[in-house]
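Enquirer: Below is the file data_12.txt, which contains compact mmCIF, C-alpha atoms.
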```txt
# COMPACT_ATOMS: atom_id res chain seq x y z
CA MET A 1 -35.87 27.46 -0.57
CA GLN A 2 -33.84 30.63 -0.29
CA LEU A 3 -31.24 31.60 2.28
CA HIS A 4 -31.23 35.28 3.27
CA GLU A 5 -27.79 36.03 4.63
CA SER A 6 -24.79 38.34 4.75
CA ASN A 7 -21.82 36.48 3.40
CA PRO A 8 -18.93 37.45 5.72
CA ALA A 9 -20.98 37.19 8.94
CA PRO A 10 -19.99 34.38 11.34
CA ASN A 11 -23.51 32.97 11.55
CA SER A 12 -23.71 32.76 7.76
CA ARG A 13 -20.38 30.92 7.72
CA ARG A 14 -21.76 28.34 10.18
CA VAL A 15 -24.57 27.52 7.75
CA HIS A 16 -22.20 27.47 4.76
CA ILE A 17 -19.92 24.93 6.43
CA PHE A 18 -22.91 22.84 7.47
CA MET A 19 -24.30 22.89 3.91
CA ASP A 20 -20.93 21.91 2.45
CA GLU A 21 -20.58 18.98 4.87
CA LYS A 22 -24.08 17.84 3.78
CA ASP A 23 -23.40 18.63 0.10
CA VAL A 24 -26.52 20.80 -0.03
CA GLU A 25 -26.97 23.89 -2.22
CA ILE A 26 -29.52 26.62 -1.52
CA SER A 27 -29.93 29.81 -3.51
CA ARG A 28 -28.81 32.92 -1.61
CA VAL A 29 -30.14 36.44 -1.15
CA ASN A 30 -27.60 38.92 0.20
CA VAL A 31 -28.73 41.23 3.03
CA ASP A 32 -26.66 44.39 3.53
CA LEU A 33 -26.33 44.69 7.32
CA ARG A 34 -24.28 47.90 7.27
CA ALA A 35 -27.04 49.56 5.24
CA GLY A 36 -29.63 48.23 7.70
CA GLU A 37 -31.52 46.04 5.22
CA ASN A 38 -32.12 43.65 8.13
CA LEU A 39 -34.07 46.34 10.00
CA THR A 40 -36.71 47.09 7.36
CA PRO A 41 -40.37 46.08 7.90
CA GLU A 42 -40.02 43.61 5.01
CA PHE A 43 -37.10 41.86 6.68
CA LYS A 44 -38.70 41.91 10.13
CA ALA A 45 -41.75 40.17 8.66
CA MET A 46 -39.34 37.27 7.98
CA ASN A 47 -37.48 37.57 11.29
CA PRO A 48 -38.73 39.98 13.95
CA MET A 49 -35.29 39.82 15.60
CA GLY A 50 -33.81 41.54 12.53
CA ARG A 51 -30.96 39.02 12.22
CA ILE A 52 -29.49 36.89 9.50
CA PRO A 53 -29.44 34.13 8.35
CA VAL A 54 -33.09 33.34 7.56
CA LEU A 55 -34.21 30.31 5.54
CA GLU A 56 -37.32 30.94 3.44
CA LEU A 57 -39.21 27.68 2.90
CA ASP A 58 -41.17 26.78 -0.22
CA ASN A 59 -44.43 27.04 1.77
CA GLY A 60 -43.68 30.69 2.52
CA ARG A 61 -42.65 30.15 6.14
CA PHE A 62 -39.33 31.27 7.62
CA ILE A 63 -36.74 29.62 9.85
CA ALA A 64 -34.33 32.04 11.51
CA GLU A 65 -31.37 31.24 13.81
CA SER A 66 -28.42 29.44 12.27
CA VAL A 67 -28.71 26.33 14.47
CA ALA A 68 -32.44 26.02 13.72
CA ILE A 69 -31.63 26.25 10.00
CA CYS A 70 -28.95 23.58 10.39
CA ARG A 71 -31.32 21.33 12.33
CA TYR A 72 -33.90 21.66 9.55
CA LEU A 73 -31.26 20.67 6.97
CA GLU A 74 -30.23 17.73 9.19
CA GLU A 75 -33.83 16.48 9.09
CA LEU A 76 -34.02 16.76 5.29
CA HIS A 77 -30.51 15.36 4.70
CA PRO A 78 -29.71 13.04 7.62
CA SER A 79 -26.33 11.86 6.33
CA PRO A 80 -23.75 12.59 7.62
CA ARG A 81 -25.27 13.13 11.06
CA LEU A 82 -23.97 16.41 12.49
CA PHE A 83 -26.29 16.56 15.54
CA GLY A 84 -25.62 13.01 16.78
CA ASN A 85 -27.13 9.53 16.48
CA THR A 86 -27.82 8.27 19.98
CA PRO A 87 -29.47 9.95 22.98
CA GLU A 88 -26.06 10.48 24.61
CA SER A 89 -24.33 11.76 21.47
CA LYS A 90 -27.22 14.11 20.68
CA ALA A 91 -27.09 15.54 24.19
CA THR A 92 -23.28 15.76 24.23
CA ILE A 93 -23.21 17.58 20.90
CA GLU A 94 -25.93 19.96 22.11
CA MET A 95 -23.92 20.59 25.29
CA TRP A 96 -20.69 21.42 23.44
CA ASN A 97 -22.45 23.43 20.78
CA ARG A 98 -24.03 25.51 23.53
CA ARG A 99 -20.71 25.95 25.34
CA ALA A 100 -19.14 27.07 22.05
CA GLU A 101 -22.03 29.41 21.28
CA ASN A 102 -23.72 30.64 24.47
CA ASN A 103 -20.50 30.98 26.43
CA PHE A 104 -17.64 31.55 23.99
CA MET A 105 -19.16 32.92 20.76
CA MET A 106 -21.55 35.28 22.54
CA SER A 107 -18.68 36.73 24.59
CA VAL A 108 -16.66 37.22 21.40
CA ALA A 109 -19.61 38.90 19.70
CA MET A 110 -20.24 41.19 22.68
CA ALA A 111 -16.55 42.13 22.78
CA PHE A 112 -16.57 42.93 19.07
CA ARG A 113 -19.81 44.94 19.03
CA ASN A 114 -19.14 46.86 22.24
CA ILE A 115 -15.49 47.68 21.52
CA SER A 116 -15.80 48.43 17.80
CA GLY A 117 -19.20 50.12 18.03
CA ILE A 118 -19.96 48.71 14.58
CA PHE A 119 -23.72 48.85 15.22
CA LYS A 120 -23.80 51.86 17.56
CA ASP A 121 -26.31 53.53 15.23
CA ARG A 122 -28.84 50.88 16.28
CA GLU A 123 -27.85 49.52 19.71
CA GLU A 124 -26.56 50.88 23.02
CA ILE A 125 -22.98 49.88 23.68
CA SER A 126 -20.65 49.77 26.67
CA ALA A 127 -16.90 49.85 26.12
CA GLU A 128 -16.51 48.61 29.70
CA TRP A 129 -18.60 45.51 28.93
CA GLY A 130 -16.72 44.99 25.67
CA ALA A 131 -13.44 44.77 27.58
CA ILE A 132 -14.93 42.39 30.17
CA SER A 133 -16.38 40.18 27.42
CA ALA A 134 -13.01 39.97 25.66
CA ARG A 135 -11.43 38.72 28.89
CA VAL A 136 -14.27 36.24 29.52
CA ALA A 137 -13.89 34.85 25.97
CA ALA A 138 -10.12 34.48 26.29
CA ASP A 139 -10.46 32.80 29.70
CA LEU A 140 -12.82 30.15 28.25
CA VAL A 141 -10.42 28.94 25.53
CA PRO A 142 -8.52 26.49 27.81
CA VAL A 143 -11.77 24.59 28.50
CA PHE A 144 -11.99 23.77 24.79
CA ASP A 145 -8.29 22.93 24.59
CA GLU A 146 -8.65 20.50 27.48
CA GLN A 147 -11.61 18.79 25.81
CA LEU A 148 -9.65 18.52 22.56
CA SER A 149 -6.71 16.94 24.42
CA ARG A 150 -8.92 13.90 25.06
CA ASN A 151 -11.11 13.90 21.94
CA GLU A 152 -10.52 14.12 18.21
CA PHE A 153 -13.51 16.42 17.81
CA LEU A 154 -15.14 18.83 20.23
CA ALA A 155 -18.04 16.56 21.17
CA GLY A 156 -16.16 13.25 20.91
CA ASP A 157 -15.25 10.88 18.07
CA GLU A 158 -17.35 12.47 15.34
CA PHE A 159 -17.27 15.82 13.57
CA SER A 160 -20.43 17.75 14.55
CA ILE A 161 -22.20 21.11 14.62
CA ALA A 162 -20.20 21.83 17.80
CA ASP A 163 -16.94 21.85 15.77
CA ILE A 164 -18.52 24.21 13.26
CA THR A 165 -19.63 26.65 15.94
CA PHE A 166 -16.32 26.65 17.78
CA LEU A 167 -14.30 26.93 14.54
CA VAL A 168 -16.25 29.96 13.34
CA ALA A 169 -16.21 31.63 16.76
CA TYR A 170 -12.50 30.93 17.37
CA GLU A 171 -11.41 32.32 14.02
CA PHE A 172 -13.72 35.32 14.40
CA ALA A 173 -12.23 35.99 17.85
CA GLY A 174 -8.76 36.08 16.32
CA ARG A 175 -9.85 38.78 13.87
CA VAL A 176 -11.52 41.05 16.43
CA GLN A 177 -10.59 42.45 19.82
CA VAL A 178 -10.13 39.15 21.68
CA GLU A 179 -6.63 38.00 22.60
CA VAL A 180 -7.06 34.31 21.83
CA PRO A 181 -4.43 32.15 23.51
CA GLU A 182 -2.72 29.65 21.21
CA LEU A 183 -2.98 26.22 22.75
CA PRO A 184 -1.60 22.94 21.39
CA ASN A 185 -4.75 20.83 21.21
CA ILE A 186 -6.76 23.56 19.56
CA ASP A 187 -3.89 24.03 17.10
CA ARG A 188 -3.98 20.30 16.23
CA TRP A 189 -7.78 20.40 15.83
CA LEU A 190 -7.65 23.61 13.79
CA ALA A 191 -5.15 22.00 11.40
CA ASP A 192 -7.60 19.09 11.03
CA MET A 193 -10.47 21.49 10.34
CA LYS A 194 -8.43 23.16 7.59
CA THR A 195 -8.11 19.84 5.72
CA ARG A 196 -11.89 19.66 5.27
CA SER A 197 -13.35 21.09 2.05
CA SER A 198 -16.05 22.78 4.16
CA TYR A 199 -13.40 25.00 5.79
CA SER A 200 -13.40 27.31 2.77
CA ALA A 201 -17.13 27.10 2.04
CA ARG A 202 -18.59 30.50 1.15
CA MET B 1 -29.13 9.11 37.03
CA GLN B 2 -28.71 12.07 39.31
CA LEU B 3 -29.50 15.73 38.68
CA HIS B 4 -27.05 18.18 40.25
CA GLU B 5 -28.90 21.47 40.59
CA SER B 6 -29.78 24.48 42.69
CA ASN B 7 -33.50 24.50 43.27
CA PRO B 8 -34.52 28.14 42.88
CA ALA B 9 -32.31 28.82 39.82
CA PRO B 10 -34.17 29.51 36.54
CA ASN B 11 -32.26 26.83 34.61
CA SER B 12 -33.18 24.22 37.23
CA ARG B 13 -36.83 25.26 36.94
CA ARG B 14 -36.71 24.69 33.17
CA VAL B 15 -35.65 21.08 33.74
CA HIS B 16 -38.23 20.59 36.52
CA ILE B 17 -41.08 21.72 34.26
CA PHE B 18 -39.79 19.53 31.44
CA MET B 19 -39.57 16.50 33.75
CA ASP B 20 -43.09 17.11 35.05
CA GLU B 21 -44.50 17.36 31.51
CA LYS B 22 -42.78 14.03 30.74
CA ASP B 23 -43.75 12.52 34.10
CA VAL B 24 -40.10 11.67 34.79
CA GLU B 25 -38.48 11.58 38.23
CA ILE B 26 -34.72 11.86 38.79
CA SER B 27 -33.00 11.98 42.16
CA ARG B 28 -31.53 15.38 42.99
CA VAL B 29 -28.31 16.65 44.52
CA ASN B 30 -28.42 20.26 45.71
CA VAL B 31 -25.48 22.51 44.79
CA ASP B 32 -25.05 25.66 46.91
CA LEU B 33 -24.19 28.37 44.38
CA ARG B 34 -23.84 31.18 46.93
CA ALA B 35 -21.24 29.12 48.77
CA GLY B 36 -19.45 28.43 45.49
CA GLU B 37 -19.93 24.65 45.49
CA ASN B 38 -20.16 24.90 41.69
CA LEU B 39 -16.61 26.27 41.51
CA THR B 40 -14.82 23.42 43.26
CA PRO B 41 -12.49 21.08 41.33
CA GLU B 42 -14.94 18.24 41.99
CA PHE B 43 -17.81 20.15 40.40
CA LYS B 44 -15.70 21.38 37.50
CA ALA B 45 -14.78 17.77 36.73
CA MET B 46 -18.50 17.32 36.02
CA ASN B 47 -18.94 20.64 34.22
CA PRO B 48 -15.87 22.78 33.43
CA MET B 49 -18.18 25.78 32.98
CA GLY B 50 -19.06 25.60 36.68
CA ARG B 51 -22.79 25.85 36.07
CA ILE B 52 -25.90 23.95 37.10
CA PRO B 53 -27.85 21.86 36.22
CA VAL B 54 -25.73 18.80 35.42
CA LEU B 55 -27.18 15.35 34.72
CA GLU B 56 -24.96 12.48 35.90
CA LEU B 57 -25.60 9.39 33.77
CA ASP B 58 -25.41 5.82 35.04
CA ASN B 59 -22.29 5.25 32.90
CA GLY B 60 -20.47 7.99 34.82
CA ARG B 61 -20.69 10.61 32.07
CA PHE B 62 -22.18 14.07 32.51
CA ILE B 63 -24.60 16.18 30.48
CA ALA B 64 -24.58 19.87 31.37
CA GLU B 65 -26.72 22.69 29.92
CA SER B 66 -30.43 22.57 30.65
CA VAL B 67 -31.53 22.22 27.02
CA ALA B 68 -29.05 19.37 26.44
CA ILE B 69 -30.46 17.63 29.53
CA CYS B 70 -34.00 18.13 28.24
CA ARG B 71 -33.05 16.80 24.81
CA TYR B 72 -31.57 13.69 26.43
CA LEU B 73 -34.81 13.15 28.37
CA GLU B 74 -36.81 13.68 25.13
CA GLU B 75 -34.82 10.85 23.53
CA LEU B 76 -35.45 8.50 26.47
CA HIS B 77 -39.11 9.51 26.89
CA PRO B 78 -40.39 10.65 23.48
CA SER B 79 -44.00 11.27 24.54
CA PRO B 80 -45.23 13.99 24.68
CA ARG B 81 -42.88 15.51 22.11
CA LEU B 82 -41.56 18.83 23.43
CA PHE B 83 -38.94 19.43 20.70
CA GLY B 84 -41.27 18.81 17.72
CA ASN B 85 -42.26 15.97 15.39
CA THR B 86 -41.62 17.14 11.83
CA PRO B 87 -38.60 18.88 10.25
CA GLU B 88 -40.49 22.18 10.25
CA SER B 89 -41.83 21.90 13.79
CA LYS B 90 -38.41 20.86 15.13
CA ALA B 91 -36.79 23.86 13.46
CA THR B 92 -39.55 26.26 14.51
CA ILE B 93 -39.34 25.13 18.14
CA GLU B 94 -35.55 25.46 18.06
CA MET B 95 -35.91 28.98 16.62
CA TRP B 96 -38.34 30.16 19.29
CA ASN B 97 -36.46 28.44 22.09
CA ARG B 98 -33.34 30.27 20.96
CA ARG B 99 -35.16 33.61 20.73
CA ALA B 100 -36.50 33.04 24.25
CA GLU B 101 -33.09 32.01 25.57
CA ASN B 102 -30.28 33.60 23.55
CA ASN B 103 -32.04 36.92 23.12
CA PHE B 104 -34.47 37.40 26.00
CA MET B 105 -33.31 35.16 28.85
CA MET B 106 -29.64 36.03 28.43
CA SER B 107 -30.45 39.75 28.54
CA VAL B 108 -32.49 39.21 31.70
CA ALA B 109 -29.66 37.22 33.29
CA MET B 110 -27.07 39.86 32.36
CA ALA B 111 -29.31 42.60 33.78
CA PHE B 112 -29.73 40.65 37.02
CA ARG B 113 -26.08 39.71 37.50
CA ASN B 114 -24.63 43.07 36.52
CA ILE B 115 -27.11 45.23 38.46
CA SER B 116 -27.35 43.09 41.60
CA GLY B 117 -23.70 42.05 41.64
CA ILE B 118 -24.83 38.71 43.12
CA PHE B 119 -21.70 36.95 41.81
CA LYS B 120 -19.27 39.88 41.94
CA ASP B 121 -16.95 37.76 44.09
CA ARG B 122 -16.33 35.56 41.02
CA GLU B 123 -17.04 37.64 37.89
CA GLU B 124 -16.39 41.16 36.61
CA ILE B 125 -19.55 43.22 36.40
CA SER B 126 -20.65 46.42 34.70
CA ALA B 127 -23.61 48.36 36.08
CA GLU B 128 -23.75 50.21 32.76
CA TRP B 129 -24.20 46.92 30.87
CA GLY B 130 -26.76 45.74 33.41
CA ALA B 131 -28.92 48.79 32.67
CA ILE B 132 -28.54 48.33 28.90
CA SER B 133 -29.44 44.63 29.19
CA ALA B 134 -32.57 45.43 31.19
CA ARG B 135 -33.73 47.79 28.42
CA VAL B 136 -32.88 45.22 25.70
CA ALA B 137 -34.89 42.54 27.53
CA ALA B 138 -37.92 44.80 28.01
CA ASP B 139 -37.82 45.90 24.36
CA LEU B 140 -37.95 42.25 23.19
CA VAL B 141 -41.17 41.36 25.03
CA PRO B 142 -43.53 42.71 22.29
CA VAL B 143 -42.00 40.24 19.78
CA PHE B 144 -43.25 37.38 21.94
CA ASP B 145 -46.62 39.03 22.48
CA GLU B 146 -47.09 39.42 18.74
CA GLN B 147 -46.26 35.74 18.16
CA LEU B 148 -48.73 34.73 20.89
CA SER B 149 -51.45 36.86 19.25
CA ARG B 150 -51.40 34.43 16.32
CA ASN B 151 -50.51 31.16 18.07
CA GLU B 152 -51.77 29.29 21.12
CA PHE B 153 -48.21 28.41 22.13
CA LEU B 154 -44.92 30.15 21.44
CA ALA B 155 -43.83 27.87 18.59
CA GLY B 156 -47.32 27.17 17.17
CA ASP B 157 -50.13 24.75 18.02
CA GLU B 158 -48.25 22.59 20.51
CA PHE B 159 -46.74 23.21 23.93
CA SER B 160 -42.95 22.90 23.64
CA ILE B 161 -39.59 23.57 25.25
CA ALA B 162 -39.89 27.11 23.85
CA ASP B 163 -42.86 27.80 26.16
CA ILE B 164 -40.88 26.47 29.11
CA THR B 165 -37.90 28.71 28.38
CA PHE B 166 -39.97 31.85 27.86
CA LEU B 167 -42.15 31.16 30.92
CA VAL B 168 -39.15 30.77 33.22
CA ALA B 169 -37.33 33.77 31.75
CA TYR B 170 -40.43 36.01 31.78
CA GLU B 171 -41.27 35.27 35.41
CA PHE B 172 -37.63 35.63 36.42
CA ALA B 173 -37.50 39.02 34.67
CA GLY B 174 -40.47 40.17 36.72
CA ARG B 175 -38.64 39.35 39.93
CA VAL B 176 -35.36 41.08 39.08
CA GLN B 177 -34.42 44.48 37.68
CA VAL B 178 -36.25 44.25 34.35
CA GLU B 179 -39.40 46.33 33.81
CA VAL B 180 -41.44 43.75 31.96
CA PRO B 181 -44.34 45.29 30.01
CA GLU B 182 -47.72 43.61 30.58
CA LEU B 183 -49.17 42.70 27.21
CA PRO B 184 -52.53 41.01 26.50
CA ASN B 185 -51.43 37.97 24.54
CA ILE B 186 -48.66 37.12 26.98
CA ASP B 187 -51.20 37.51 29.79
CA ARG B 188 -53.57 35.04 28.07
CA TRP B 189 -50.72 32.57 27.48
CA LEU B 190 -49.42 32.99 31.04
CA ALA B 191 -52.88 32.17 32.41
CA ASP B 192 -52.84 29.01 30.26
CA MET B 193 -49.38 28.08 31.56
CA LYS B 194 -50.62 28.40 35.15
CA THR B 195 -53.31 25.76 34.53
CA ARG B 196 -50.65 23.12 33.80
CA SER B 197 -49.47 20.97 36.70
CA SER B 198 -45.88 21.53 35.55
CA TYR B 199 -46.18 25.24 36.39
CA SER B 200 -45.55 24.51 40.06
CA ALA B 201 -43.00 21.72 39.54
CA ARG B 202 -40.08 22.01 41.96
```
Mind turning this structure into structure tokens?

Expert:
Amino acid sequence: MQLHESNPAPNSRRVHIFMDEKDVEISRVNVDLRAGENLTPEFKAMNPMGRIPVLELDNGRFIAESVAICRYLEELHPSPRLFGNTPESKATIEMWNRRAENNFMMSVAMAFRNISGIFKDREEISAEWGAISARVAADLVPVFDEQLSRNEFLAGDEFSIADITFLVAYEFAGRVQVEVPELPNIDRWLADMKTRSSYSAR
Amino acid sequence: MQLHESNPAPNSRRVHIFMDEKDVEISRVNVDLRAGENLTPEFKAMNPMGRIPVLELDNGRFIAESVAICRYLEELHPSPRLFGNTPESKATIEMWNRRAENNFMMSVAMAFRNISGIFKDREEISAEWGAISARVAADLVPVFDEQLSRNEFLAGDEFSIADITFLVAYEFAGRVQVEVPELPNIDRWLADMKTRSSYSAR
């Protein structure tokens, strides 16, 4: 297997943390996003969406989308379980992972791309939408703080893919144009996350 | 169990189709979105994101997010498998479900909400972003057509949650402000979808 990725990108970091928690190593191929290597016909044959990361399997097939890659690794290396064990824990982890990704992380990403214009050579942008997305992202943070006031981890008693997604998105938000409120339960959880070896996985 | 939902909403339709494919019945509670019933403190105690559908479990807990609800039902009723059987099929279905949802369906939804202003009493909108999102959604359709030129179903040889997501998003796009191109392989697949009893599930 080979992982096609771009090291500093948030979605690559999600897979790196997941791999470290599973103690899995996969050889890496760097894709230069700024140079548009993800937009070539060769890359789009692997992933027509032109996005990283992409996992190349030994049978020549490709799995794109960071959560799909993580789910594949979960199947091959079930321990520790990061997508849940029971019907309720699997659904709860999926729910919180989606809140962290489809609501929070996507708003952060839209704020970053539309305000910075980092990819304006290849996508239409709207500064107005960037500003709205930054406010939407900031407004969502208290929902996660409230959940973490009643739970050790984002989806309950166990560390999961939902913690990975929210960690990566929250720290990315703090580095781009989102004014992330500092809240006590997130601060406690973030300190816990920083004690894990996976926190610094690259 | 009870399903809190709003019948004509696309995310409710996804769960209805899934339930019909599984031959599962769950009692329903209608939530009036236009009247803001999803924004009350009572509703937000079930789902702090203020969105439908929400599955209320018999133990008093709640599962929000349509795909999380479907995954819970898959665990309780494994046959037929709609999230895959093998590591590779599970990852491939997750990948295509995410392409259908995180790329296509989200662009359709942003086009609809930002152009129509249907929820402008409760969210900031940008007509400029609505127009961009409509173009992004339309530009993605050929990726799905190409995949359906080589596969009977969106994620391969088996009907899956990915077909449900793309079906609901594609038909929703055609009813709102997205100019959906008509392409031959999607047309063939859409005709197949219409032969399933779940197509008209309500």

Enquirer: May I ask which of the residues B:Ala173, B:Ala127, B:Leu154, B:Ala68 is the closest one to chain A, counting all atoms listed in the file?

Expert: B:Ala68

Enquirer: Residues within 8 Å of B:Val31, please, as a PDB file with C-alpha atoms, in the frame of the given file. Count all atoms listed in the file; anything in the same chain fewer than 5 positions from it doesn't count.

Expert:
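Contents of around-v7.pdb, freshly written:
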```pdb
ATOM      1  CA  HIS B   4     -27.050  18.180  40.250  1.00  0.00           C
ATOM      2  CA  GLU B   5     -28.900  21.470  40.590  1.00  0.00           C
ATOM      3  CA  SER B   6     -29.780  24.480  42.690  1.00  0.00           C
ATOM      4  CA  GLU B  37     -19.930  24.650  45.490  1.00  0.00           C
ATOM      5  CA  ASN B  38     -20.160  24.900  41.690  1.00  0.00           C
ATOM      6  CA  ILE B  52     -25.900  23.950  37.100  1.00  0.00           C
TER       7      ILE B  52
END
```

Enquirer: Starting from chain A, keep only residues with some atom at most 6 Å from an atom of chain B, counting all atoms listed in the file, and report them as number ranges by chain.

Expert: A: 65, 68, 72, 75, 87, 91, 94-95

Enquirer: Separation of atom CA of B:Val141 and atom CA of B:Met19, in Å?

Expert: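 Calculated distance between atom CA of B:Val141 and atom CA of B:Met19 is 26.4 Å.
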
Enquirer: Could you check which of B:Val54, B:Gly60, B:Gln177, B:Asp192 is closest to B:Asn11, using all atoms listed in the file?

Expert: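 Checking each of B:Val54, B:Gly60, B:Gln177, B:Asp192 against B:Asn11, counting all atoms listed in the file, the winner is B:Val54.
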
Enquirer: Where's the centre, and what are the edge lengths in Å to one decimal, of a box along x, y and z enclosing all listed atoms of stretch 23-29 of chain A padded 4 Å per side, as lines of an AutoDock Vina configuration file?

Expert:
```
center_x = -26.8
center_y = 27.5
center_z = -1.7
size_x = 14.7
size_y = 25.8
size_z = 11.6
```

Enquirer: What separation in Å, quoted to one decimal, exists between atom CA of B:Val168 and atom CA of B:Arg13?

Expert: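 Interatomic distance here is 7.0 Å.
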
Enquirer: To one decimal place in Å, what is the distance between atom CA of A:His77 and atom CA of A:Ser27?

Expert: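 Computed distance, atom CA of A:His77 to atom CA of A:Ser27, equals 16.6 Å.
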
Enquirer: Find the residues near B:Glu21: any atom within 12 Å, counting all atoms listed in the file, skip ones fewer than 4 places away on the same chain, and give them as a list of chain:residue names.

Expert: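 The residues satisfying every condition are B:Arg14, B:Val15, B:His16, B:Ile17, B:Glu25, B:Cys70, B:Leu73, B:Glu74, B:His77, B:Pro78, B:Ser79, B:Pro80, B:Arg81, B:Leu82, B:Phe159, B:Ser160, B:Ile161, B:Asp163, B:Ile164, B:Met193, B:Arg196, B:Ser197, B:Ser198, B:Tyr199, B:Ser200, B:Ala201.
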
Enquirer: Tell me which of A:Leu33, A:Ala169, A:Leu3, A:Ile26 sits closest to A:Met46, counting only C-alpha atoms.

Expert: A:Leu3

Enquirer: Can you work out which one of B:Ile186, B:Asp32, B:Phe83, B:Ala111 has the shortest atom-to-atom distance to B:Phe18, counting only C-alpha atoms?

Expert: B:Phe83

Enquirer: Using all atoms listed in the file for the distances, tell me which of A:Ala191, A:Ala155, A:Met105, A:Ile118 is nearest to A:Gly174.

Expert: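 Under the stated criterion, the closest residue is A:Met105.
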